[in-house]
$ cat query.csv   # CSV, C-alpha atoms
chain,number,residue,atom,x,y,z
A,173,MET,CA,94.5,111.9,112.8
A,174,MET,CA,91.2,110.1,113.3
A,175,ARG,CA,91.4,106.4,112.2
A,176,PRO,CA,87.9,105.0,112.1
A,177,LEU,CA,87.6,101.3,111.4
A,178,PHE,CA,84.8,100.2,109.0
A,179,PHE,CA,83.5,96.7,108.8
A,180,LEU,CA,83.7,95.1,106.5
A,181,VAL,CA,97.8,89.1,85.5
A,182,MET,CA,99.5,89.0,83.3
A,183,ALA,CA,99.4,85.2,84.1
A,184,LEU,CA,101.9,83.3,82.1
A,185,ALA,CA,100.3,80.2,80.5
A,186,SER,CA,103.3,77.9,80.6
A,187,TYR,CA,101.0,75.4,82.3
A,188,GLY,CA,97.3,75.8,81.7
A,189,ILE,CA,94.3,76.0,79.4
A,190,ALA,CA,92.9,79.2,78.0
A,191,ALA,CA,89.2,79.4,78.5
A,192,HIS,CA,86.7,80.9,76.1
A,193,ILE,CA,85.2,84.1,77.4
A,194,ALA,CA,81.8,85.3,76.0
A,195,VAL,CA,79.7,88.3,77.0
A,196,GLY,CA,76.7,86.8,78.7
A,197,ALA,CA,73.0,87.6,78.3
A,198,ASP,CA,69.9,86.6,80.2
A,199,PHE,CA,71.6,86.9,83.5
A,200,PRO,CA,70.5,88.6,86.7
A,201,THR,CA,70.9,92.4,86.7
A,202,PHE,CA,71.8,94.6,89.6
A,203,GLU,CA,70.9,98.1,90.8
A,204,ALA,CA,73.9,100.0,92.2
A,205,GLN,CA,73.5,102.2,95.3
A,206,THR,CA,76.3,104.2,96.9
A,207,LEU,CA,76.4,103.5,100.7
A,208,ASP,CA,79.2,105.9,101.3
A,209,PRO,CA,80.8,108.1,98.6
A,210,GLU,CA,83.9,108.9,100.8
A,211,VAL,CA,84.5,106.1,103.3
A,212,GLY,CA,87.9,107.4,104.3
A,213,LYS,CA,91.5,107.3,103.3
A,214,VAL,CA,91.6,103.5,102.9
A,215,CYS,CA,88.7,101.0,102.5
A,216,TYR,CA,89.9,97.4,102.9
A,217,ALA,CA,86.5,95.8,103.4
A,218,PRO,CA,82.8,96.7,103.0
A,219,ASP,CA,79.9,97.0,105.4
A,220,TRP,CA,76.1,97.7,105.4
A,221,LYS,CA,76.2,100.8,107.6
A,222,LYS,CA,79.0,103.1,108.5
A,223,ARG,CA,80.0,103.0,112.2
A,224,VAL,CA,83.0,104.4,114.0
A,225,VAL,CA,84.0,101.3,116.1
A,226,ILE,CA,87.5,102.3,117.3
A,227,GLU,CA,89.7,105.4,116.9
A,228,ASP,CA,93.5,105.5,117.6
A,229,GLN,CA,93.2,102.3,119.7
A,230,THR,CA,95.4,100.1,117.5
A,231,GLU,CA,98.8,100.3,115.8
A,232,ARG,CA,98.6,101.8,112.3
A,233,ASP,CA,97.1,100.4,110.1
A,234,ASN,CA,94.1,98.0,110.4
A,235,VAL,CA,94.4,95.5,107.5
A,236,CYS,CA,92.0,92.6,108.2
A,237,ILE,CA,88.9,91.7,110.3
A,238,ALA,CA,86.8,88.7,111.2
A,239,PRO,CA,83.4,88.5,113.0
A,240,LEU,CA,82.4,86.1,115.7
A,241,ASP,CA,80.7,86.1,119.1
A,242,ILE,CA,84.0,85.7,120.9
A,243,ASP,CA,83.0,86.2,124.5
A,244,GLY,CA,79.7,84.2,124.3
A,245,ASP,CA,77.3,87.0,125.1
A,246,GLY,CA,75.2,86.5,122.0
A,247,GLN,CA,76.5,89.5,120.2
A,248,ILE,CA,79.0,89.7,117.4
A,249,ASP,CA,82.6,90.8,118.2
A,250,PHE,CA,85.5,91.3,115.9
A,251,ALA,CA,89.1,90.0,115.6
A,252,LEU,CA,91.3,92.6,114.0
A,253,GLY,CA,94.8,92.6,112.4
A,254,ALA,CA,96.6,95.9,112.8
A,255,GLY,CA,100.1,97.3,112.7
A,256,TRP,CA,100.4,97.0,109.0
A,257,LEU,CA,102.4,100.2,108.4
A,258,ASN,CA,106.0,100.9,109.1
A,259,LYS,CA,107.5,97.9,110.8
A,260,ASN,CA,104.6,95.6,110.1
A,261,ILE,CA,104.5,94.5,113.7
A,262,GLY,CA,101.3,92.4,113.2
A,263,GLN,CA,99.2,93.4,116.2
A,264,ILE,CA,96.3,90.9,116.6
A,265,VAL,CA,93.4,92.0,118.8
A,266,TRP,CA,89.7,91.5,119.3
A,267,LEU,CA,87.1,94.1,119.9
A,268,SER,CA,84.2,93.9,122.4
A,269,ARG,CA,81.3,96.3,122.2
A,270,GLY,CA,80.0,98.6,124.9
A,271,ALA,CA,76.5,99.1,126.2
A,272,SER,CA,75.4,100.6,122.9
A,273,LEU,CA,76.8,100.8,119.3
A,274,ASP,CA,77.3,104.6,119.9
A,275,GLU,CA,80.2,103.8,122.4
A,276,LYS,CA,83.7,103.0,121.2
A,277,TRP,CA,84.5,99.3,121.4
A,278,ARG,CA,87.2,98.0,123.7
A,279,VAL,CA,90.4,96.5,122.4
A,280,HIS,CA,91.9,93.3,123.8
A,281,LEU,CA,95.3,92.0,122.8
A,282,ILE,CA,95.5,88.4,121.4
A,283,GLY,CA,99.2,88.5,120.3
A,284,HIS,CA,101.6,89.6,117.6
A,285,GLU,CA,102.7,88.0,114.3
A,286,PRO,CA,104.7,90.3,112.0
A,287,TRP,CA,103.1,90.9,108.6
A,288,THR,CA,99.7,89.7,109.6
A,289,HIS,CA,97.6,90.2,106.5
A,290,ARG,CA,94.4,88.0,106.5
A,291,MET,CA,92.3,86.3,109.2
A,292,ARG,CA,89.2,84.1,109.4
A,293,PHE,CA,87.5,82.1,112.1
A,294,ALA,CA,87.2,78.3,111.3
A,295,ASN,CA,86.6,75.2,113.3
A,296,LEU,CA,89.7,73.2,112.5
A,297,THR,CA,89.4,70.8,115.4
A,298,GLY,CA,85.7,69.9,115.2
A,299,GLY,CA,85.4,71.1,118.8
A,300,PRO,CA,82.8,73.4,120.4
A,301,ARG,CA,84.6,76.6,119.4
A,302,PRO,CA,86.3,77.8,116.2
A,303,GLN,CA,89.9,79.0,116.0
A,304,LEU,CA,91.2,82.3,114.6
A,305,VAL,CA,93.4,81.5,111.6
A,306,VAL,CA,95.9,84.1,110.6
A,307,SER,CA,98.0,84.2,107.4
A,308,PRO,CA,101.0,86.7,107.4
A,309,LEU,CA,102.1,87.9,104.0
A,310,THR,CA,105.7,87.0,104.4
A,311,LYS,CA,108.2,85.2,106.6
A,312,THR,CA,109.9,86.6,109.7
A,313,GLN,CA,111.4,83.4,110.9
A,314,GLY,CA,112.0,80.0,109.4
A,315,ASP,CA,111.4,79.1,105.8
A,316,GLY,CA,108.1,80.8,105.2
A,317,ALA,CA,105.1,82.7,106.6
A,318,ARG,CA,103.6,81.0,109.7
A,319,LEU,CA,100.0,80.1,109.1
A,320,LEU,CA,98.7,80.3,112.7
A,321,ALA,CA,95.6,79.1,114.6
A,322,PHE,CA,94.7,80.9,117.8
A,323,PHE,CA,92.5,79.1,120.3
A,324,ILE,CA,89.8,81.1,122.2
A,325,PRO,CA,90.5,80.7,125.9
A,326,THR,CA,87.8,80.3,128.6
A,327,ASN,CA,88.1,84.0,129.4
A,328,PRO,CA,89.2,85.7,126.2
A,329,LYS,CA,89.5,89.2,127.8
A,330,THR,CA,92.1,88.1,130.4
A,331,ASP,CA,93.5,84.6,129.5
A,332,LYS,CA,96.2,84.0,126.9
A,333,TRP,CA,95.1,82.8,123.5
A,334,PRO,CA,97.2,79.6,122.8
A,335,SER,CA,98.5,79.3,119.2
A,336,GLN,CA,99.6,76.6,116.9
A,337,VAL,CA,101.6,76.8,113.6
A,338,LEU,CA,99.7,75.0,110.9
A,339,ASN,CA,102.4,75.4,108.3
A,340,GLY,CA,105.4,77.5,107.8
A,341,SER,CA,106.8,76.8,104.4
A,342,MET,CA,105.2,79.4,102.0
A,343,ASN,CA,105.8,83.0,101.2
A,344,ARG,CA,103.8,85.9,99.9
A,345,MET,CA,100.7,84.1,101.3
A,346,HIS,CA,98.2,86.7,100.3
A,347,ASN,CA,95.1,84.9,101.4
A,348,HIS,CA,93.5,81.7,102.6
A,349,TRP,CA,90.1,80.0,102.8
A,350,HIS,CA,88.4,77.2,104.7
A,351,LEU,CA,86.1,74.3,103.9
A,352,ASN,CA,85.3,70.7,104.8
A,353,TRP,CA,87.6,69.3,102.2
A,354,SER,CA,86.8,65.6,102.5
A,355,GLY,CA,83.1,66.1,102.9
A,356,ALA,CA,83.1,63.6,105.7
A,357,ASN,CA,81.2,64.1,108.9
A,358,GLU,CA,84.2,64.8,111.2
A,359,GLY,CA,83.1,68.4,111.8
A,360,ASN,CA,86.5,69.9,111.3
A,361,VAL,CA,87.5,72.0,108.3
A,362,ASP,CA,90.7,72.4,106.3
A,363,THR,CA,92.5,75.3,104.7
A,364,VAL,CA,93.5,76.3,101.2
A,365,THR,CA,96.2,78.9,100.6
A,366,ALA,CA,97.3,81.2,97.8
A,367,SER,CA,101.0,82.0,97.9
A,368,GLN,CA,104.1,82.5,95.8
A,369,GLU,CA,104.4,78.8,95.7
A,370,GLY,CA,100.9,78.3,94.2
A,371,VAL,CA,97.7,76.8,95.5
A,372,HIS,CA,97.9,74.3,98.5
A,373,LEU,CA,95.6,72.4,100.7
A,374,ILE,CA,96.6,72.5,104.4
A,375,PRO,CA,94.7,69.6,106.0
A,376,SER,CA,93.8,69.9,109.7
A,377,GLN,CA,95.7,67.4,111.7
A,378,VAL,CA,93.7,67.0,114.9
A,379,VAL,CA,94.9,65.2,118.0
A,380,ILE,CA,92.2,64.2,120.5
A,381,ASP,CA,93.2,63.5,124.1
A,382,GLY,CA,90.0,63.1,126.2
A,383,ALA,CA,88.2,66.4,126.0
A,384,SER,CA,91.2,68.2,124.6
A,385,ARG,CA,91.6,68.8,120.9
A,386,THR,CA,94.9,70.2,119.5
A,387,LEU,CA,96.4,70.6,116.1
A,388,GLN,CA,99.7,69.5,114.6
A,389,THR,CA,101.8,71.2,111.9
A,390,SER,CA,100.6,69.8,108.6
A,391,VAL,CA,102.3,68.9,105.3
A,392,PRO,CA,100.8,70.9,102.5
A,393,GLN,CA,99.3,69.2,99.4
A,394,LYS,CA,100.0,71.2,96.2
A,395,LEU,CA,96.9,71.5,94.0
A,396,GLY,CA,97.9,74.3,91.5
A,397,ILE,CA,101.1,75.8,90.2
A,398,GLY,CA,99.9,79.4,90.0
A,399,ALA,CA,101.5,81.9,87.7
A,400,SER,CA,105.1,81.5,86.6
A,401,GLY,CA,107.8,84.1,86.3
A,402,ASP,CA,111.4,85.1,87.0
A,403,LYS,CA,110.6,87.3,90.0
A,404,PRO,CA,108.7,86.5,93.2
A,405,GLU,CA,106.0,89.0,92.4
A,406,ALA,CA,105.3,87.2,89.1
A,407,LYS,CA,104.8,83.8,90.7
A,408,GLY,CA,102.0,81.9,92.4
A,409,ALA,CA,98.5,83.2,93.4
A,410,GLY,CA,97.0,85.9,95.5
A,411,GLU,CA,93.2,85.7,96.1
A,412,ILE,CA,91.5,82.3,96.6
A,413,LYS,CA,88.0,80.9,96.9
A,414,VAL,CA,86.3,77.5,96.4
A,415,GLY,CA,83.1,76.8,94.5
A,416,LYS,CA,81.2,74.0,92.8
A,417,LEU,CA,80.2,73.7,89.1
A,418,LYS,CA,76.6,72.9,88.2
A,419,ASN,CA,76.3,69.1,87.9
A,420,GLY,CA,80.1,69.0,88.1
A,421,PRO,CA,83.1,69.0,90.4
A,422,ARG,CA,84.5,71.5,92.8
A,423,PHE,CA,86.8,74.2,91.6
A,424,ILE,CA,89.3,76.6,93.1
A,425,THR,CA,89.5,80.1,91.7
A,426,THR,CA,92.4,82.5,92.1
A,427,VAL,CA,93.8,85.8,91.1
A,428,GLU,CA,97.3,85.3,89.7
A,429,PRO,CA,99.9,86.3,90.6
A,430,MET,CA,99.4,88.4,93.8
A,431,HIS,CA,97.7,91.6,92.8
A,432,GLY,CA,97.7,90.2,89.3
A,433,GLN,CA,96.1,90.3,85.9
A,434,ALA,CA,94.5,86.8,85.6
A,435,CYS,CA,91.4,85.1,87.0
A,436,VAL,CA,92.2,81.4,87.0
A,437,VAL,CA,90.2,78.2,87.8
A,438,TYR,CA,91.5,74.8,88.9
A,439,VAL,CA,89.0,72.0,88.4
A,440,GLU,CA,89.0,69.0,90.6
A,441,PRO,CA,89.8,65.8,88.7
A,442,PRO,CA,87.1,63.0,88.7
A,443,LYS,CA,87.3,60.7,91.7
A,444,GLY,CA,89.7,57.8,91.1
A,445,THR,CA,91.7,59.7,88.5
A,446,LYS,CA,95.0,61.5,89.1
A,447,THR,CA,97.1,63.7,86.9
A,448,ALA,CA,100.7,62.8,86.3
A,449,ASP,CA,102.0,65.5,88.6
A,450,GLY,CA,99.1,65.4,91.1
A,451,LEU,CA,97.9,68.9,90.2
A,452,TRP,CA,94.4,70.1,89.2
A,453,PRO,CA,94.0,71.3,85.6
A,454,ARG,CA,94.6,75.1,85.4
A,455,ILE,CA,92.2,77.2,83.2
A,456,ILE,CA,92.8,80.9,82.6
A,457,ILE,CA,89.4,82.5,82.2
A,458,ASP,CA,90.4,86.2,82.0
A,459,ASP,CA,93.8,87.8,81.7
A,460,THR,CA,92.7,91.4,81.2
A,461,LEU,CA,92.6,92.5,84.9
A,462,ASN,CA,94.8,95.0,86.6
A,463,ARG,CA,95.5,94.5,90.3
A,464,GLY,CA,92.8,91.9,91.0
A,465,HIS,CA,92.1,92.0,94.7
A,466,ALA,CA,88.5,90.8,95.4
A,467,LEU,CA,87.1,87.3,94.9
A,468,TRP,CA,83.9,85.5,95.9
A,469,THR,CA,82.1,82.3,94.8
A,470,CYS,CA,78.3,81.8,95.2
A,471,ASP,CA,75.3,80.7,93.2
A,472,ILE,CA,74.1,84.1,92.0
A,473,ASP,CA,71.5,83.0,89.5
A,474,GLY,CA,70.1,80.0,91.6
A,475,ASP,CA,70.8,77.3,89.1
A,476,GLY,CA,72.8,75.0,91.4
A,477,GLY,CA,76.3,76.1,90.2
A,478,ASP,CA,78.6,78.7,91.7
A,479,GLU,CA,79.6,81.8,89.8
A,480,ILE,CA,82.8,83.8,90.4
A,481,VAL,CA,82.4,87.4,91.5
A,482,LEU,CA,85.6,89.4,91.0
A,483,GLY,CA,86.8,93.0,91.5
A,484,PHE,CA,89.9,94.7,90.5
A,485,SER,CA,91.2,98.2,91.3
A,486,ASP,CA,93.0,99.6,88.3
A,487,PRO,CA,92.0,100.0,84.6
A,488,GLY,CA,92.9,96.9,82.6
A,489,PRO,CA,94.1,96.3,79.0
A,490,GLY,CA,91.0,94.5,77.8
A,491,PRO,CA,87.9,95.8,76.0
A,492,ILE,CA,86.1,96.2,79.4
A,493,LYS,CA,88.8,98.2,81.2
A,494,GLY,CA,87.2,98.6,84.6
A,495,PRO,CA,88.1,98.8,87.4
A,496,GLY,CA,84.9,97.5,89.0
A,497,VAL,CA,82.9,94.4,89.7
A,498,PHE,CA,82.4,91.4,87.3
A,499,ILE,CA,80.8,88.0,87.4
A,500,TYR,CA,81.9,84.9,85.5
A,501,LYS,CA,79.5,82.0,84.8
A,502,ALA,CA,80.6,78.6,83.6
A,503,ASP,CA,78.8,77.5,80.4
A,504,ASP,CA,79.4,73.8,81.1
A,505,ALA,CA,80.6,71.3,83.7
A,506,THR,CA,84.1,71.4,82.4
A,507,ALA,CA,84.8,75.1,83.2
A,508,THR,CA,86.5,75.7,79.9
A,509,LYS,CA,83.9,78.2,78.7
A,510,TRP,CA,82.8,81.2,80.8
A,511,ALA,CA,80.5,84.2,80.2
A,512,LYS,CA,81.6,87.5,81.7
A,513,HIS,CA,79.0,89.8,83.1
A,514,THR,CA,79.8,93.5,83.9
A,515,ILE,CA,78.2,94.7,87.1
A,516,ASP,CA,80.3,97.9,87.5
A,517,ASP,CA,82.7,99.2,84.9
A,518,GLY,CA,84.8,102.1,86.3
A,519,GLY,CA,82.6,103.1,89.2
A,520,ILE,CA,84.7,101.6,92.0
A,521,ALA,CA,88.4,100.6,92.5
A,522,THR,CA,87.5,97.4,94.2
A,523,GLU,CA,89.6,96.3,97.1
A,524,ASP,CA,87.2,93.7,98.5
A,525,LEU,CA,83.7,92.5,98.2
A,526,ILE,CA,81.2,90.0,99.7
A,527,CYS,CA,77.9,88.5,98.5
A,528,ALA,CA,74.9,88.0,100.7
A,529,ASP,CA,71.1,88.4,100.6
A,530,LEU,CA,71.1,91.9,102.2
A,531,ASN,CA,67.4,92.9,101.7
A,532,GLY,CA,65.8,89.5,102.5
A,533,ASP,CA,64.3,88.9,99.0
A,534,GLY,CA,66.0,85.5,98.6
A,535,LYS,CA,68.5,86.8,96.0
A,536,LEU,CA,72.2,87.3,96.5
A,537,ASP,CA,73.5,90.9,96.4
A,538,ILE,CA,77.0,92.3,96.3
A,539,VAL,CA,78.7,94.8,98.6
A,540,ALA,CA,82.1,96.2,97.5
A,541,GLY,CA,84.6,98.6,99.0
A,542,GLY,CA,86.9,100.8,96.9
A,543,ARG,CA,90.4,101.6,98.1
A,544,ALA,CA,91.6,104.2,95.6
A,545,SER,CA,88.0,105.4,95.0
A,546,HIS,CA,87.2,105.6,98.7
A,547,ASN,CA,83.6,104.5,98.2
A,548,VAL,CA,81.4,101.6,99.4
A,549,LYS,CA,78.7,100.4,97.0
A,550,LEU,CA,75.8,98.0,97.2
A,551,TYR,CA,74.5,96.1,94.2
A,552,LEU,CA,71.0,94.8,94.8
A,553,GLN,CA,69.9,92.0,92.5
A,554,LYS,CA,66.7,92.8,90.7

$ encode --input "query.csv" --output "structure tokens"
Amino acid sequence: MMRPLFFLVMALASYGIAAHIAVGADFPTFEAQTLDPEVGKVCYAPDWKKRVVIEDQTERDNVCIAPLDIDGDGQIDFALGAGWLNKNIGQIVWLSRGASLDEKWRVHLIGHEPWTHRMRFANLTGGPRPQLVVSPLTKTQGDGARLLAFFIPTNPKTDKWPSQVLNGSMNRMHNHWHLNWSGANEGNVDTVTASQEGVHLIPSQVVIDGASRTLQTSVPQKLGIGASGDKPEAKGAGEIKVGKLKNGPRFITTVEPMHGQACVVYVEPPKGTKTADGLWPRIIIDDTLNRGHALWTCDIDGDGGDEIVLGFSDPGPGPIKGPGVFIYKADDATATKWAKHTIDDGGIATEDLICADLNGDGKLDIVAGGRASHNVKLYLQK
């Protein structure tokens, strides 16, 4: 079988605030275009143009991908997580291109970490090169899944990629994200995670010895409780992104629980204040999803505040059943009121999405990939 690679709740409110949802007006509109009506058996992530990059060169199945110029030749390469099916062996590789994009790319082994599920490049050390950060879905040793950082060696095609465990205490770690948490000028970034245990900050603990920069295992700081329930699949959070409210604080947005029904926001308390339990206030902004699996934050309408772009893959119980693509906009700086804007209702079983200015007109657009619907769609902002 050919295996082409394409680029790419019910949340229980035992602790939280229910947000007011309104149907918004006077918001940017989008024109939908189908880039590929039948992308293949599974679409995990979207892309601008369909290319066969590799075929039958990795263990089944490819589950995550991250772009970077790994070998320093000025062209984008890809790290790839494979081996998702059967024994979930967690094959981690990187792909280098040939003389032209019409040639198959070459596969180079980085290592193995069972249940590898998500990966991103981030400069955790503040050094000259970023690291590849990998989050497995579940544990295979120790108390939890090992959040790992792989260091790019001098010759990435032949040298071993050293790795460091950043944390190993959480399970069902469905996704992670990176940002400069303190805002200081140190150059290194930190990690936030969504797991069965909730929302956590994993600070980068950098050790500098001359020209060498290494990382130490870090103690997580809990910021949000996530969904609560009797079973592991009803607890915690799945997707996670970070944004900033207009004239207001930062927020973290999640889908809860993993593959869940609720879009949730955690709002950063004002500086100098602290809640009794040290957690950020939890606000449920929509609990009518079904298998939420795609999340992004960006300033869609250009007013200085970030919106939440969300996709889910199965019809939900609410008046707007979906599945599809939706945008939530905060009505004020407290994030207790949000307007919901429907971009696609029923046209795509969204598995993942990204936002970027894809046609160079200065406006942010959306690209989404549908898993069950097998399609890739572009939504151009008018």

$ closest_residue --input "query.csv" --among "A:Lys535, A:Lys403, A:Arg292, A:His350" --to "A:Leu304" --atoms "only C-alpha atoms"
A:Arg292

$ atom_distance --input "query.csv" --atom1 "atom CA of A:Val497" --atom2 "atom CA of A:Thr514"
6.6 Å

$ atom_distance --input "query.csv" --atom1 "atom CA of A:Thr522" --atom2 "atom CA of A:Asp458"
16.8 Å

$ closest_residue --input "query.csv" --among "A:Pro200, A:Leu207, A:Glu369, A:Leu296" --to "A:Gln336" --atoms "only C-alpha atoms"
A:Leu296

$ closest_residue --input "query.csv" --among "A:Met430, A:Leu451, A:Ala540, A:Leu257" --to "A:Val481" --atoms "all atoms listed in the file"
A:Ala540

$ atom_distance --input "query.csv" --atom1 "atom CA of A:His280" --atom2 "atom CA of A:Arg318"
22.1 Å

$ closest_residue --input "query.csv" --among "A:Leu482, A:Ile492, A:Ile226, A:Ala271" --to "A:Asp524" --atoms "all atoms listed in the file"
A:Leu482

$ closest_residue --input "query.csv" --among "A:Ile397, A:Asn547, A:Lys493, A:Gly420" --to "A:Ile455" --atoms "all atoms listed in the file"
A:Ile397

$ residues_near_point --input "query.csv" --point "(109.9, 86.1, 104.0)" --cutoff "12 Å" --atoms "all atoms listed in the file" --output "number ranges by chain"
A: 286-287, 308-318, 340-345, 367-368, 404

$ write_last_selection --input "query.csv" --atoms "C-alpha atoms" --output "JSON list (two decimals), in the coordinates of the input"
[["chain", "number", "residue", "atom", "x", "y", "z"],
["A", 286, "PRO", "CA", 104.70, 90.30, 112.00],
["A", 287, "TRP", "CA", 103.10, 90.90, 108.60],
["A", 308, "PRO", "CA", 101.00, 86.70, 107.40],
["A", 309, "LEU", "CA", 102.10, 87.90, 104.00],
["A", 310, "THR", "CA", 105.70, 87.00, 104.40],
["A", 311, "LYS", "CA", 108.20, 85.20, 106.60],
["A", 312, "THR", "CA", 109.90, 86.60, 109.70],
["A", 313, "GLN", "CA", 111.40, 83.40, 110.90],
["A", 314, "GLY", "CA", 112.00, 80.00, 109.40],
["A", 315, "ASP", "CA", 111.40, 79.10, 105.80],
["A", 316, "GLY", "CA", 108.10, 80.80, 105.20],
["A", 317, "ALA", "CA", 105.10, 82.70, 106.60],
["A", 318, "ARG", "CA", 103.60, 81.00, 109.70],
["A", 340, "GLY", "CA", 105.40, 77.50, 107.80],
["A", 341, "SER", "CA", 106.80, 76.80, 104.40],
["A", 342, "MET", "CA", 105.20, 79.40, 102.00],
["A", 343, "ASN", "CA", 105.80, 83.00, 101.20],
["A", 344, "ARG", "CA", 103.80, 85.90, 99.90],
["A", 345, "MET", "CA", 100.70, 84.10, 101.30],
["A", 367, "SER", "CA", 101.00, 82.00, 97.90],
["A", 368, "GLN", "CA", 104.10, 82.50, 95.80],
["A", 404, "PRO", "CA", 108.70, 86.50, 93.20]]

$ residues_around --input "query.csv" --residues "A:Leu373" --least-positions-apart "4" --cutoff "10 Å" --atoms "all atoms listed in the file" --output "ChimeraX atom specification"
/A:348-350,353,362-366,390-396

$ decode --input "query.csv" --residues "stretch 436-448 of chain A" --atoms "N, CA and C atoms" --output "mmCIF file, in the first residue's frame"
data_model
loop_
_atom_site.group_PDB
_atom_site.id
_atom_site.type_symbol
_atom_site.label_atom_id
_atom_site.label_comp_id
_atom_site.auth_asym_id
_atom_site.auth_seq_id
_atom_site.Cartn_x
_atom_site.Cartn_y
_atom_site.Cartn_z
ATOM 1 N N VAL A 436 -11.901 25.566 26.593
ATOM 2 C CA VAL A 436 -11.710 26.185 27.902
ATOM 3 C C VAL A 436 -10.609 27.233 27.815
ATOM 4 N N VAL A 437 -10.744 28.292 28.603
ATOM 5 C CA VAL A 437 -9.727 29.335 28.683
ATOM 6 C C VAL A 437 -9.286 29.480 30.139
ATOM 7 N N TYR A 438 -7.975 29.602 30.332
ATOM 8 C CA TYR A 438 -7.391 29.932 31.636
ATOM 9 C C TYR A 438 -6.759 31.314 31.508
ATOM 10 N N VAL A 439 -7.172 32.240 32.358
ATOM 11 C CA VAL A 439 -6.715 33.621 32.260
ATOM 12 C C VAL A 439 -5.663 33.888 33.334
ATOM 13 N N GLU A 440 -4.535 34.468 32.912
ATOM 14 C CA GLU A 440 -3.445 34.748 33.845
ATOM 15 C C GLU A 440 -3.871 35.793 34.864
ATOM 16 N N PRO A 441 -3.694 35.504 36.162
ATOM 17 C CA PRO A 441 -4.043 36.505 37.188
ATOM 18 C C PRO A 441 -3.152 37.743 37.064
ATOM 19 N N PRO A 442 -3.632 38.898 37.518
ATOM 20 C CA PRO A 442 -2.800 40.110 37.481
ATOM 21 C C PRO A 442 -1.500 39.905 38.251
ATOM 22 N N LYS A 443 -0.456 40.560 37.780
ATOM 23 C CA LYS A 443 0.838 40.441 38.452
ATOM 24 C C LYS A 443 0.733 40.887 39.902
ATOM 25 N N GLY A 444 1.372 40.130 40.771
ATOM 26 C CA GLY A 444 1.341 40.457 42.183
ATOM 27 C C GLY A 444 0.198 39.822 42.936
ATOM 28 N N THR A 445 -0.741 39.190 42.196
ATOM 29 C CA THR A 445 -1.841 38.497 42.859
ATOM 30 C C THR A 445 -1.680 37.000 42.671
ATOM 31 N N LYS A 446 -2.288 36.250 43.540
ATOM 32 C CA LYS A 446 -2.178 34.800 43.475
ATOM 33 C C LYS A 446 -3.447 34.183 44.035
ATOM 34 N N THR A 447 -3.981 33.207 43.323
ATOM 35 C CA THR A 447 -5.157 32.514 43.820
ATOM 36 C C THR A 447 -4.756 31.599 44.968
ATOM 37 N N ALA A 448 -5.730 31.166 45.745
ATOM 38 C CA ALA A 448 -5.446 30.363 46.928
ATOM 39 C C ALA A 448 -4.733 29.065 46.586
#
